[in-house]
Structures are given as structure tokens and as C-alpha cells.
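Text of the file input-v4.cif, holding mmCIF, C-alpha atoms:
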data_data
#
loop_
_atom_site.label_atom_id
_atom_site.label_comp_id
_atom_site.auth_asym_id
_atom_site.auth_seq_id
_atom_site.Cartn_x
_atom_site.Cartn_y
_atom_site.Cartn_z
CA MET V 176 -20.74 9.50 -14.77
CA ILE V 177 -20.68 5.72 -14.70
CA SER V 178 -23.25 4.22 -17.04
CA LEU V 179 -25.34 1.24 -16.03
CA VAL V 180 -23.48 -0.81 -18.62
CA GLU V 181 -20.20 -0.28 -16.72
CA CYS V 182 -21.65 -1.30 -13.35
CA VAL V 183 -20.72 -4.79 -12.23
CA PRO V 184 -22.14 -6.80 -9.34
CA PHE V 185 -20.32 -6.29 -6.05
CA GLN V 186 -18.12 -9.27 -5.19
CA PRO V 187 -17.66 -9.42 -1.38
CA LEU V 188 -16.22 -12.95 -1.38
CA VAL V 189 -13.32 -11.87 -3.58
CA LEU V 190 -12.76 -8.87 -1.33
CA ALA V 191 -12.78 -11.04 1.78
CA GLN V 192 -10.26 -13.47 0.27
CA ILE V 193 -7.79 -10.72 -0.68
CA GLY V 194 -8.11 -8.83 2.61
CA TRP V 195 -9.23 -5.29 3.25
CA PHE V 196 -5.72 -3.89 3.86
CA LYS V 197 -4.44 -4.88 0.42
CA ILE V 198 -7.62 -3.73 -1.31
CA MET V 199 -7.51 -0.31 0.35
CA TYR V 200 -3.82 -0.01 -0.53
CA TYR V 201 -4.54 -0.84 -4.19
CA VAL V 202 -7.50 1.59 -4.28
CA ILE V 203 -5.77 4.49 -2.53
CA PHE V 204 -2.47 4.22 -4.40
CA GLY V 205 -3.97 3.47 -7.81
CA THR V 206 -2.51 0.02 -8.41
CA ILE V 207 -5.82 -1.84 -8.53
CA ARG V 208 -5.37 -2.49 -12.27
CA ASN V 209 -2.51 -4.86 -11.37
CA VAL V 210 -4.78 -7.22 -9.41
CA PRO V 211 -6.83 -9.51 -11.69
CA GLU V 212 -9.35 -10.37 -8.95
CA LEU V 213 -10.18 -6.66 -8.59
CA SER V 214 -10.28 -5.72 -12.27
CA TRP V 215 -14.06 -5.33 -12.05
CA MET V 216 -13.46 -2.24 -9.86
CA GLU V 217 -11.25 -0.51 -12.41
CA GLY V 218 -14.23 0.86 -14.32
CA TYR V 219 -15.20 2.80 -11.22
CA MET V 220 -11.66 3.96 -10.55
CA LYS V 221 -11.13 5.80 -13.84
CA TYR V 222 -13.52 8.52 -12.70
CA GLY V 223 -11.64 10.75 -10.22
CA PRO V 224 -14.49 11.39 -7.73
CA TYR V 225 -15.39 7.71 -7.77
CA LYS V 226 -11.92 6.71 -6.54
CA LEU V 227 -12.62 8.12 -3.09
CA MET V 228 -16.21 6.83 -3.14
CA THR V 229 -14.98 3.34 -4.10
CA ALA V 230 -12.45 3.41 -1.26
CA ILE V 231 -15.13 4.49 1.22
CA ALA V 232 -17.68 1.95 -0.03
CA THR V 233 -15.11 -0.86 0.06
CA THR V 234 -14.08 0.07 3.60
CA ALA V 235 -17.68 0.24 4.77
CA THR V 236 -18.55 -3.11 3.21
CA LEU V 237 -15.50 -4.84 4.58
CA ALA V 238 -16.24 -3.45 8.03
CA LEU V 239 -19.50 -5.40 7.91
CA LEU V 240 -17.85 -8.69 6.91
CA PRO V 241 -16.76 -11.13 9.62
CA THR V 242 -13.26 -10.12 10.65
CA ALA V 243 -11.93 -13.33 12.14
CA GLY V 244 -8.50 -13.89 10.65
CA TYR V 245 -8.18 -10.35 9.30
CA GLY V 246 -5.63 -7.98 10.77
CA GLU V 247 -5.80 -4.44 11.85
CA THR V 248 -3.02 -3.12 9.61
CA THR V 249 -3.43 0.59 8.85
CA ILE V 250 -1.79 3.16 6.61
CA THR V 251 -2.17 6.79 7.65
CA PRO V 252 -1.27 9.34 4.94
CA MET V 253 0.39 12.32 6.65
CA LEU V 254 1.53 14.47 3.72
CA LYS V 255 1.44 14.42 -0.07
CA THR V 256 2.84 17.45 -1.83
CA THR V 257 4.39 18.45 -5.14
CA LEU V 258 8.00 19.60 -4.85
CA GLU V 259 7.97 22.60 -7.17
CA ASP V 260 11.76 22.99 -7.35
CA LEU V 261 12.28 19.36 -8.40
CA ASN V 262 10.54 19.24 -11.80
CA GLY V 263 7.48 17.07 -11.24
CA ALA V 264 8.63 15.33 -8.06
CA GLU V 265 6.29 14.59 -5.21
CA ALA V 266 6.86 13.80 -1.53
CA ASN V 267 4.70 11.34 0.36
CA VAL V 268 4.81 10.68 4.09
CA LEU V 269 2.80 7.77 5.52
CA ILE V 270 2.65 5.92 8.82
CA PHE V 271 2.25 2.14 8.60
CA ASP V 272 1.00 0.16 11.60
CA VAL V 273 1.29 -3.50 10.61
CA ASP V 274 0.20 -6.80 12.07
CA PRO V 275 2.46 -9.43 13.59
CA GLY V 276 3.88 -11.52 10.74
CA PHE V 277 2.97 -8.90 8.10
CA VAL V 278 4.76 -9.48 4.76
CA THR V 279 4.49 -7.30 1.64
CA ASP V 280 4.21 -8.71 -1.83
CA ARG V 281 7.35 -8.34 -3.96
CA HIS V 282 7.26 -4.74 -5.19
CA THR V 283 9.23 -1.67 -6.28
CA HIS V 284 8.95 2.00 -5.45
CA PRO V 285 9.07 4.52 -8.32
CA GLY V 286 10.78 6.99 -5.97
CA HIS V 287 13.43 6.99 -3.27
CA VAL V 288 12.10 5.67 0.05
CA PHE V 289 13.29 6.39 3.56
CA ILE V 290 11.91 4.36 6.47
CA TYR V 291 12.05 5.20 10.16
CA VAL V 292 10.85 2.46 12.53
CA LEU V 293 8.85 3.71 15.52
CA GLU V 294 7.98 0.34 17.10
CA GLY V 295 9.07 -3.25 16.47
CA ALA V 296 11.51 -4.41 13.79
CA LEU V 297 11.35 -4.92 10.03
CA GLN V 298 13.30 -7.15 7.70
CA LEU V 299 14.03 -5.66 4.29
CA ASP V 300 14.93 -8.03 1.47
CA ILE V 301 16.09 -5.74 -1.34
CA GLU V 302 17.22 -7.40 -4.57
CA GLY V 303 20.99 -7.29 -4.97
CA GLN V 304 21.60 -6.53 -1.28
CA GLU V 305 21.95 -8.59 1.86
CA SER V 306 18.79 -8.87 3.96
CA SER V 307 18.76 -6.15 6.62
CA THR V 308 16.94 -5.58 9.91
CA VAL V 309 15.69 -2.14 10.93
CA SER V 310 14.60 -1.84 14.56
CA ALA V 311 12.78 0.88 16.54
CA GLY V 312 14.78 4.09 16.44
CA GLU V 313 16.62 3.13 13.23
CA ALA V 314 16.22 4.29 9.64
CA ALA V 315 16.80 2.72 6.23
CA TYR V 316 16.93 3.77 2.59
CA GLU V 317 15.41 1.86 -0.33
CA LEU V 318 16.56 2.55 -3.88
CA ALA V 319 13.97 3.48 -6.48
CA ASN V 320 12.80 0.77 -8.90
CA VAL V 321 14.58 -2.11 -7.15
CA PRO V 322 12.37 -5.12 -6.25
CA MET V 323 12.01 -5.80 -2.54
CA ILE V 324 9.96 -7.50 0.16
CA GLY V 325 9.43 -6.11 3.65
CA ARG V 326 8.19 -7.96 6.73
CA ASN V 327 7.43 -7.49 10.40
CA LEU V 328 9.96 -9.73 12.15
CA SER V 329 7.64 -10.46 15.09
CA ALA V 330 4.94 -13.11 15.00
CA THR V 331 3.36 -11.63 18.16
CA GLU V 332 4.02 -7.86 18.17
CA ARG V 333 2.96 -5.09 15.79
CA ALA V 334 5.44 -2.87 13.94
CA LYS V 335 4.95 0.82 13.28
CA PHE V 336 7.06 2.84 10.85
CA VAL V 337 7.14 6.08 8.88
CA VAL V 338 7.68 5.96 5.12
CA PHE V 339 8.96 9.06 3.32
CA GLN V 340 9.14 8.80 -0.47
CA VAL V 341 10.32 11.32 -3.04
CA GLY V 342 9.39 10.29 -6.56
CA PRO V 343 7.55 11.20 -9.75
CA ALA V 344 4.28 13.08 -9.12
CA GLY V 345 1.15 11.01 -9.62
CA GLU V 346 2.90 7.64 -9.45
CA PRO V 347 1.78 5.05 -6.89
CA ILE V 348 3.93 4.59 -3.79
CA MET V 349 4.34 0.87 -4.45
CA VAL V 350 4.20 -1.10 -7.72
CA PRO V 351 3.80 -4.90 -7.71
CA ALA V 352 6.86 -6.69 -9.12
CA PRO V 353 6.01 -10.37 -9.51
CA GLU V 354 8.97 -12.61 -10.28
#
Could you write out this file's structure as C-alpha cells?
Amino acid sequence: MISLVECVPFQPLVLAQIGWFKIMYYVIFGTIRNVPELSWMEGYMKYGPYKLMTAIATTATLALLPTAGYGETTITPMLKTTLEDLNGAEANVLIFDVDPGFVTDRHTHPGHVFIYVLEGALQLDIEGQESSTVSAGEAAYELANVPMIGRNLSATERAKFVVFQVGPAGEPIMVPAPE
């Protein structure tokens, strides 16, 4: 249980400044400890059942905040399973539906990532490689542990893509990699 000493006042202004999409990503994939502005939430996150409750509470609160200027980017987890024959590997399948102009922070993936674009086009800037464009109906591969940035190429249209990652079980899908 969380003691009263560990409870910290809720900080909706910080949440509004960061944006609900990034916060939910950090909460769901366990990388919240890498975001100084959200470190106050980490105390809640170390208790397994509270991870889901924190994600739900954050979503509910942000739904009540004014949404002008905030996008409708969504991540839909489709499958997460341990690959028993691959010694501690895990497969994750997610569908991303991102806003026009969406850009990720610089990050790495602890596992091998395969992307299939359903709608729109993405630009992938992977360190050590030439920038590449992946359009609807095309697929791409991202090496594990190599810094990269991804973006929706359109300033007016959404992009939708499937991410399939095979990597170490229990690791987050994406790890921030500041320069």
C-alpha cells in the first residue's frame, strides 16, 4: 500500500504541459522515471496494481482538462506475450494512430522493431543510416538499441502504423535517448 507520506499533490499543470499522449506512453511502458517533471508519480508506479490505476486516473484527469492544442494520438496494444522458445524474449504488437506533424523524442528500442504503415507516411531518422520514408503499404525494420526519431510526414493528415517488437521480456518498448 502507498503510505500517506509517499502521496504527493496532483500536478495537472505539469501534465497539461507535457501532453496526455506522452504521459500515458511513459506510464504504460514504464519509462516515467526518465521524465523529471513526472518523477512525483514514480512512487505510485512502483506498486504493480497502482500502475494501472495511475494510468486510468491520469487519463480521466486529462480528459477533463481543456483539450485545445492537444492531439488525438492513440496507442492500441494488440498483443504482448512471452516467447518461451527464445529465452526471456517478449513480442509486443501495437497500433499507433498519430497526429499530423507528430514527432517522437530521440529514443532507442531494446528489441528489434518492425513497422508496417497502414495510412499516411513516416520518416525514420535512424542514427548511422540515411533518413528513410515509409508509406502506406510499406514496412521497415529498426535495429535494437540504435537511437532514432520518427515523424509523421504530413502536417495535415494522420498516420497509422503497426509496430511489432521482439525484445527482452519486461523491458519498455521505447527508451529515451537524449543526445
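Restricting the calculation to only C-alpha atoms, the smallest distance between Ser306 in chain V and any of V:Ala344, V:Met323, V:Leu293, V:Leu318 is found for V:Met323.
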Margin query: One number please: CA of Asp272 in chain V to CA of Gly325 in chain V, in Å, one decimal.
Written below: 13.2 Å
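What separates CA of Gly295 in chain V from CA of Ile250 in chain V is a distance of 16.0 Å.
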Next item on the list: Expand the PyMOL selection byres ((chain V and resi 296-302) around 12) into the individual residues it matches in the shown file, reporting them as a PyMOL selection string.
Entry: chain V and resi 271-284+290-295+303-337+352+354
Check: Of the candidates V:His287, V:Glu346, V:Thr248, V:Thr257, which one gets nearest to Ile270 in chain V if we count only C-alpha atoms?
Finding: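 Checking each of V:His287, V:Glu346, V:Thr248, V:Thr257 against Ile270 in chain V, counting only C-alpha atoms, the winner is V:Thr248.
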Notebook entry, point to check: Mind pulling up the distance from CA of Phe289 in chain V to CA of Gln340 in chain V?
Noted result: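 Value for the CA of Gln340 in chain V-CA of Phe289 in chain V distance: 6.3 Å.
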Check what the PyMOL selection byres ((chain V and resi 349) around 8) selects in the file above and give those residues as a CSV table (one decimal) with C-alpha atoms, in the coordinates of the input.
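This went into selection_34.csv:
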chain,number,residue,atom,x,y,z
V,204,PHE,CA,-2.5,4.2,-4.4
V,206,THR,CA,-2.5,0.0,-8.4
V,282,HIS,CA,7.3,-4.7,-5.2
V,283,THR,CA,9.2,-1.7,-6.3
V,284,HIS,CA,9.0,2.0,-5.4
V,285,PRO,CA,9.1,4.5,-8.3
V,347,PRO,CA,1.8,5.0,-6.9
V,348,ILE,CA,3.9,4.6,-3.8
V,350,VAL,CA,4.2,-1.1,-7.7
V,351,PRO,CA,3.8,-4.9,-7.7
